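Shown next: upload_11.csv, containing CSV, N, CA and C atoms.
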chain,number,residue,atom,x,y,z
X,1,MET,N,10.9,-6.8,-13.8
X,1,MET,CA,10.2,-7.8,-14.4
X,1,MET,C,9.0,-8.2,-13.4
X,2,ILE,N,7.9,-8.5,-14.0
X,2,ILE,CA,6.7,-9.0,-13.2
X,2,ILE,C,6.9,-10.5,-13.0
X,3,GLU,N,6.8,-10.8,-11.7
X,3,GLU,CA,7.0,-12.2,-11.3
X,3,GLU,C,5.7,-12.8,-10.7
X,4,LEU,N,5.4,-14.0,-10.9
X,4,LEU,CA,4.3,-14.7,-10.3
X,4,LEU,C,4.4,-14.6,-8.8
X,5,GLY,N,3.3,-14.5,-8.1
X,5,GLY,CA,3.3,-14.4,-6.6
X,5,GLY,C,3.4,-13.0,-6.0
X,6,GLN,N,3.7,-12.0,-6.8
X,6,GLN,CA,3.8,-10.6,-6.3
X,6,GLN,C,2.4,-10.1,-6.1
X,7,LYS,N,2.3,-9.2,-5.2
X,7,LYS,CA,1.0,-8.4,-4.9
X,7,LYS,C,1.0,-7.3,-6.0
X,8,ALA,N,-0.2,-7.1,-6.7
X,8,ALA,CA,-0.3,-6.2,-7.7
X,8,ALA,C,-1.7,-5.6,-7.8
X,9,GLU,N,-1.8,-4.5,-8.6
X,9,GLU,CA,-3.1,-3.8,-8.7
X,9,GLU,C,-3.2,-3.4,-10.2
X,10,ASP,N,-4.4,-3.4,-10.7
X,10,ASP,CA,-4.7,-2.8,-12.0
X,10,ASP,C,-4.7,-1.3,-11.9
X,11,LYS,N,-3.9,-0.6,-12.7
X,11,LYS,CA,-3.8,0.8,-12.7
X,11,LYS,C,-5.1,1.5,-13.0
X,12,ILE,N,-6.0,0.9,-13.8
X,12,ILE,CA,-7.2,1.6,-14.2
X,12,ILE,C,-8.4,1.3,-13.2
X,13,THR,N,-8.6,0.1,-12.8
X,13,THR,CA,-9.8,-0.2,-12.0
X,13,THR,C,-9.5,-0.2,-10.5
X,14,GLY,N,-8.2,-0.4,-10.1
X,14,GLY,CA,-7.9,-0.6,-8.7
X,14,GLY,C,-8.1,-2.0,-8.2
X,15,PHE,N,-8.5,-2.9,-9.1
X,15,PHE,CA,-8.6,-4.3,-8.7
X,15,PHE,C,-7.2,-4.8,-8.3
X,16,TYR,N,-7.1,-5.5,-7.2
X,16,TYR,CA,-5.8,-6.0,-6.7
X,16,TYR,C,-5.9,-7.4,-6.2
X,17,GLY,N,-4.7,-8.0,-6.1
X,17,GLY,CA,-4.6,-9.3,-5.7
X,17,GLY,C,-3.2,-9.9,-5.9
X,18,THR,N,-3.0,-11.2,-5.8
X,18,THR,CA,-1.7,-11.8,-6.1
X,18,THR,C,-1.7,-12.3,-7.5
X,19,ILE,N,-0.5,-12.1,-8.2
X,19,ILE,CA,-0.4,-12.6,-9.5
X,19,ILE,C,-0.2,-14.1,-9.5
X,20,ILE,N,-1.2,-14.8,-10.1
X,20,ILE,CA,-1.1,-16.3,-10.1
X,20,ILE,C,-0.9,-16.9,-11.5
X,21,GLY,N,-0.9,-16.1,-12.5
X,21,GLY,CA,-0.8,-16.6,-13.8
X,21,GLY,C,-0.2,-15.6,-14.8
X,22,ARG,N,0.4,-16.1,-15.9
X,22,ARG,CA,0.9,-15.2,-17.0
X,22,ARG,C,0.6,-15.9,-18.3
X,23,ALA,N,0.1,-15.1,-19.2
X,23,ALA,CA,-0.2,-15.6,-20.6
X,23,ALA,C,0.6,-14.8,-21.6
X,24,GLN,N,1.4,-15.5,-22.4
X,24,GLN,CA,2.3,-14.8,-23.4
X,24,GLN,C,1.7,-15.1,-24.7
X,25,TYR,N,1.5,-14.1,-25.5
X,25,TYR,CA,0.9,-14.2,-26.9
X,25,TYR,C,1.9,-13.9,-27.9
X,26,LEU,N,1.8,-14.5,-29.1
X,26,LEU,CA,2.6,-14.3,-30.2
X,26,LEU,C,2.7,-12.8,-30.6
X,27,THR,N,1.5,-12.1,-30.4
X,27,THR,CA,1.4,-10.7,-30.8
X,27,THR,C,2.0,-9.8,-29.8
X,28,GLY,N,2.5,-10.3,-28.7
X,28,GLY,CA,3.2,-9.5,-27.7
X,28,GLY,C,2.3,-8.9,-26.6
X,29,CYS,N,1.0,-9.2,-26.6
X,29,CYS,CA,0.1,-8.6,-25.6
X,29,CYS,C,0.0,-9.6,-24.4
X,30,ASP,N,1.0,-9.5,-23.6
X,30,ASP,CA,1.1,-10.4,-22.4
X,30,ASP,C,0.1,-10.0,-21.3
X,31,GLN,N,-0.5,-11.0,-20.6
X,31,GLN,CA,-1.5,-10.7,-19.6
X,31,GLN,C,-1.1,-11.4,-18.3
X,32,TYR,N,-1.6,-10.9,-17.2
X,32,TYR,CA,-1.4,-11.4,-15.9
X,32,TYR,C,-2.7,-11.6,-15.2
X,33,CYS,N,-2.8,-12.7,-14.4
X,33,CYS,CA,-4.0,-13.0,-13.7
X,33,CYS,C,-3.9,-12.6,-12.2
X,34,LEU,N,-4.8,-11.7,-11.8
X,34,LEU,CA,-4.8,-11.3,-10.4
X,34,LEU,C,-5.9,-12.0,-9.6
X,35,SER,N,-5.5,-12.7,-8.5
X,35,SER,CA,-6.4,-13.4,-7.6
X,35,SER,C,-6.6,-12.5,-6.4
X,36,PRO,N,-7.9,-12.0,-6.2
X,36,PRO,CA,-8.1,-11.1,-5.1
X,36,PRO,C,-8.2,-11.8,-3.7
X,37,PRO,N,-8.0,-11.1,-2.6
X,37,PRO,CA,-8.2,-11.8,-1.3
X,37,PRO,C,-9.7,-11.9,-1.0
X,38,ILE,N,-10.0,-12.7,-0.1
X,38,ILE,CA,-11.4,-12.8,0.4
X,38,ILE,C,-11.8,-11.5,1.1
X,39,ARG,N,-12.9,-10.9,0.7
X,39,ARG,CA,-13.4,-9.7,1.3
X,39,ARG,C,-13.9,-9.9,2.7
X,40,GLN,N,-13.7,-8.9,3.6
X,40,GLN,CA,-14.3,-9.0,5.0
X,40,GLN,C,-15.8,-9.2,4.9
X,41,GLY,N,-16.2,-10.2,5.7
X,41,GLY,CA,-17.6,-10.5,5.8
X,41,GLY,C,-18.2,-11.4,4.7
X,42,ILE,N,-17.4,-11.6,3.7
X,42,ILE,CA,-17.9,-12.5,2.6
X,42,ILE,C,-16.8,-13.7,2.6
X,43,ASN,N,-17.2,-14.8,3.1
X,43,ASN,CA,-16.3,-15.9,3.2
X,43,ASN,C,-16.3,-16.8,2.0
X,44,GLU,N,-16.0,-16.3,0.9
X,44,GLU,CA,-15.9,-17.1,-0.4
X,44,GLU,C,-14.9,-16.5,-1.3
X,45,VAL,N,-14.3,-17.4,-2.1
X,45,VAL,CA,-13.3,-17.0,-3.1
X,45,VAL,C,-13.9,-16.1,-4.1
X,46,GLN,N,-13.3,-15.0,-4.4
X,46,GLN,CA,-13.7,-14.1,-5.5
X,46,GLN,C,-13.1,-14.5,-6.8
X,47,LYS,N,-13.7,-14.1,-7.9
X,47,LYS,CA,-13.2,-14.4,-9.2
X,47,LYS,C,-11.9,-13.7,-9.6
X,48,SER,N,-10.9,-14.4,-10.1
X,48,SER,CA,-9.7,-13.8,-10.6
X,48,SER,C,-10.0,-13.1,-11.9
X,49,GLU,N,-9.1,-12.1,-12.3
X,49,GLU,CA,-9.2,-11.4,-13.5
X,49,GLU,C,-7.9,-11.3,-14.2
X,50,TRP,N,-7.9,-11.1,-15.5
X,50,TRP,CA,-6.7,-11.0,-16.4
X,50,TRP,C,-6.6,-9.6,-16.8
X,51,PHE,N,-5.3,-9.1,-16.8
X,51,PHE,CA,-5.0,-7.7,-17.2
X,51,PHE,C,-3.8,-7.6,-18.1
X,52,ASP,N,-3.8,-6.7,-19.1
X,52,ASP,CA,-2.6,-6.5,-19.9
X,52,ASP,C,-1.4,-6.1,-19.0
X,53,GLU,N,-0.2,-6.4,-19.4
X,53,GLU,CA,1.0,-6.1,-18.7
X,53,GLU,C,1.1,-4.6,-18.3
X,54,GLY,N,0.8,-3.7,-19.3
X,54,GLY,CA,0.9,-2.3,-19.0
X,54,GLY,C,0.0,-1.8,-17.9
X,55,ARG,N,-1.0,-2.5,-17.6
X,55,ARG,CA,-2.0,-2.1,-16.5
X,55,ARG,C,-1.6,-2.5,-15.2
X,56,ILE,N,-0.5,-3.3,-15.0
X,56,ILE,CA,-0.1,-3.9,-13.8
X,56,ILE,C,0.8,-3.0,-13.0
X,57,LYS,N,0.5,-2.7,-11.7
X,57,LYS,CA,1.3,-1.9,-10.8
X,57,LYS,C,1.7,-2.9,-9.7
X,58,ILE,N,3.0,-3.1,-9.5
X,58,ILE,CA,3.4,-4.0,-8.4
X,58,ILE,C,3.3,-3.3,-7.1
X,59,LEU,N,2.6,-3.9,-6.1
X,59,LEU,CA,2.5,-3.4,-4.8
X,59,LEU,C,3.5,-3.9,-3.8
X,60,GLY,N,4.1,-5.0,-4.1
X,60,GLY,CA,5.1,-5.6,-3.2
X,60,GLY,C,5.2,-7.1,-3.4
X,61,PRO,N,6.1,-7.7,-2.6
X,61,PRO,CA,6.3,-9.1,-2.6
X,61,PRO,C,5.1,-9.8,-2.1
X,62,GLY,N,5.0,-11.1,-2.5
X,62,GLY,CA,3.8,-11.9,-2.0
X,62,GLY,C,4.3,-13.2,-1.6
X,63,LEU,N,3.9,-14.2,-2.5
X,63,LEU,CA,4.2,-15.6,-2.2
X,63,LEU,C,5.2,-16.2,-3.3
X,64,SER,N,5.9,-17.2,-2.9
X,64,SER,CA,6.7,-17.9,-3.9
X,64,SER,C,5.9,-19.2,-4.2
X,65,ALA,N,6.4,-19.9,-5.3
X,65,ALA,CA,5.7,-21.1,-5.7
X,65,ALA,C,5.9,-22.2,-4.6
X,66,ALA,N,7.0,-22.1,-3.9
X,66,ALA,CA,7.3,-23.1,-2.8
X,66,ALA,C,6.3,-22.9,-1.7
X,67,ASP,N,5.8,-21.6,-1.4
X,67,ASP,CA,4.9,-21.3,-0.4
X,67,ASP,C,3.5,-22.0,-0.6
X,68,VAL,N,3.2,-22.3,-1.8
X,68,VAL,CA,1.8,-22.8,-2.1
X,68,VAL,C,1.9,-24.2,-2.8
X,69,ALA,N,3.1,-24.8,-2.8
X,69,ALA,CA,3.3,-26.1,-3.5
X,69,ALA,C,2.6,-27.2,-2.8
X,70,GLY,N,1.9,-28.1,-3.5
X,70,GLY,CA,1.3,-29.3,-3.0
X,70,GLY,C,2.1,-30.5,-3.3
X,71,PRO,N,1.7,-31.7,-2.9
X,71,PRO,CA,2.4,-32.9,-3.1
X,71,PRO,C,2.5,-33.3,-4.6
X,72,ALA,N,1.5,-32.8,-5.4
X,72,ALA,CA,1.5,-33.1,-6.9
X,72,ALA,C,1.0,-31.8,-7.6
X,73,PRO,N,1.4,-31.7,-8.9
X,73,PRO,CA,0.9,-30.5,-9.6
X,73,PRO,C,-0.6,-30.5,-9.7
X,74,GLY,N,-1.2,-29.3,-9.8
X,74,GLY,CA,-2.6,-29.1,-9.9
X,74,GLY,C,-3.1,-29.3,-11.3
X,75,GLY,N,-4.4,-29.1,-11.5
X,75,GLY,CA,-5.0,-29.2,-12.8
X,75,GLY,C,-5.2,-27.9,-13.5
X,76,PRO,N,-6.1,-27.8,-14.5
X,76,PRO,CA,-6.2,-26.6,-15.3
X,76,PRO,C,-6.7,-25.5,-14.4
X,77,GLN,N,-6.4,-24.3,-14.8
X,77,GLN,CA,-6.8,-23.0,-14.1
X,77,GLN,C,-8.2,-22.7,-14.6
X,78,ARG,N,-9.2,-22.6,-13.7
X,78,ARG,CA,-10.5,-22.4,-14.1
X,78,ARG,C,-10.8,-21.0,-14.7
X,79,ASP,N,-9.8,-20.0,-14.3
X,79,ASP,CA,-10.0,-18.6,-14.8
X,79,ASP,C,-9.0,-18.3,-15.9
X,80,ALA,N,-8.7,-19.3,-16.8
X,80,ALA,CA,-7.7,-19.1,-17.9
X,80,ALA,C,-8.3,-18.0,-18.8
X,81,PRO,N,-7.3,-17.2,-19.4
X,81,PRO,CA,-7.8,-16.1,-20.3
X,81,PRO,C,-8.6,-16.6,-21.4
X,82,ARG,N,-9.6,-15.8,-21.8
X,82,ARG,CA,-10.5,-16.2,-22.9
X,82,ARG,C,-10.4,-15.1,-24.0
X,83,ARG,N,-9.3,-15.1,-24.7
X,83,ARG,CA,-9.0,-14.1,-25.6
X,83,ARG,C,-9.3,-14.5,-27.0
Using the file provided, produce a representation of the structure as structure tokens.
Amino acid sequence: MIELGQKAEDKITGFYGTIIGRAQYLTGCDQYCLSPPIRQGINEVQKSEWFDEGRIKILGPGLSAADVAGPAPGGPQRDAPRR
């Protein structure tokens, strides 16, 4: 099972990052959001991307929700899927 926080890669493009979100649709086309690491020499956050479940290749463990928890829940995800 694909879990949030795991390190993953898109099988088609090679885009990789940490899984930070999951969208489940009535039609069964579930998607996962990958948040890439900051690239060397570019000190800014890169845009997260959404991929269908079948395109996800798990690379290994990553972070748990407890690892990134703040004192209060956060707001809306700016990179929410636009399907």
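Counting from atom C of Gly28 of chain X, the distance to atom CA of Arg55 of chain X is 12.9 Å.
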Quote the spacing between atom CA of Ile58 of chain X and atom CA of Arg22 of chain X in Å to one decimal place.
-> 14.3 Å
Using all atoms listed in the file, which of X:Lys11, X:Ala72, X:Glu44, X:Asp52 sits nearest Asp30 of chain X?
-> X:Asp52
Compile the contact shell of segment 60-65 of chain X as a PyMOL selection string: residues with an atom at most 7 Å away, counting only C-alpha atoms, same-chain residues fewer than 5 positions apart removed.
-> chain X and resi 5-7+18
Determine, counting only C-alpha atoms, which protein, DNA and RNA residues have an atom within 8 Å of an atom of Trp50 of chain X; residues of the same chain fewer than 2 positions away are not included. Present the result as an NGL selection string.
-> :X and (31-34 or 48 or 52 or 81)
Would you put the residues from that selection into a file with N, CA and C atoms, as a compact mmCIF listing (two decimals), keeping the file's coordinate frame?
# COMPACT_ATOMS: atom_id res chain seq x y z
N GLN X 31 -0.50 -11.00 -20.60
CA GLN X 31 -1.50 -10.70 -19.60
C GLN X 31 -1.10 -11.40 -18.30
N TYR X 32 -1.60 -10.90 -17.20
CA TYR X 32 -1.40 -11.40 -15.90
C TYR X 32 -2.70 -11.60 -15.20
N CYS X 33 -2.80 -12.70 -14.40
CA CYS X 33 -4.00 -13.00 -13.70
C CYS X 33 -3.90 -12.60 -12.20
N LEU X 34 -4.80 -11.70 -11.80
CA LEU X 34 -4.80 -11.30 -10.40
C LEU X 34 -5.90 -12.00 -9.60
N SER X 48 -10.90 -14.40 -10.10
CA SER X 48 -9.70 -13.80 -10.60
C SER X 48 -10.00 -13.10 -11.90
N ASP X 52 -3.80 -6.70 -19.10
CA ASP X 52 -2.60 -6.50 -19.90
C ASP X 52 -1.40 -6.10 -19.00
N PRO X 81 -7.30 -17.20 -19.40
CA PRO X 81 -7.80 -16.10 -20.30
C PRO X 81 -8.60 -16.60 -21.40
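When atom CA of Met1 of chain X is paired with atom CA of Gly70 of chain X, their separation reads 25.9 Å.
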List every residue of chain X that DSSP, applied to the backbone of this structure, places in strand (DSSP E or B), and write the result as a list in words.
-> Lys7, Ala8, Glu9, Asp10, Tyr16, Gly17, Thr18, Ile19, Ile20, Gly21, Arg22, Ala23, Gln31, Tyr32, Cys33, Leu34, Ser35, Glu49, Trp50, Phe51, Asp52, Ile56, Lys57, Ile58, Leu59 and Gly60 of chain X
Can you list, as a PyMOL selection string, every residue of chain X that DSSP puts in alpha helix (DSSP H)?
-> chain X and resi 65-68
Using only C-alpha atoms, find the one residue out of X:Val45, X:Cys29, X:Gly54, X:Val68 that sits nearest to Ile2 of chain X.
-> X:Gly54
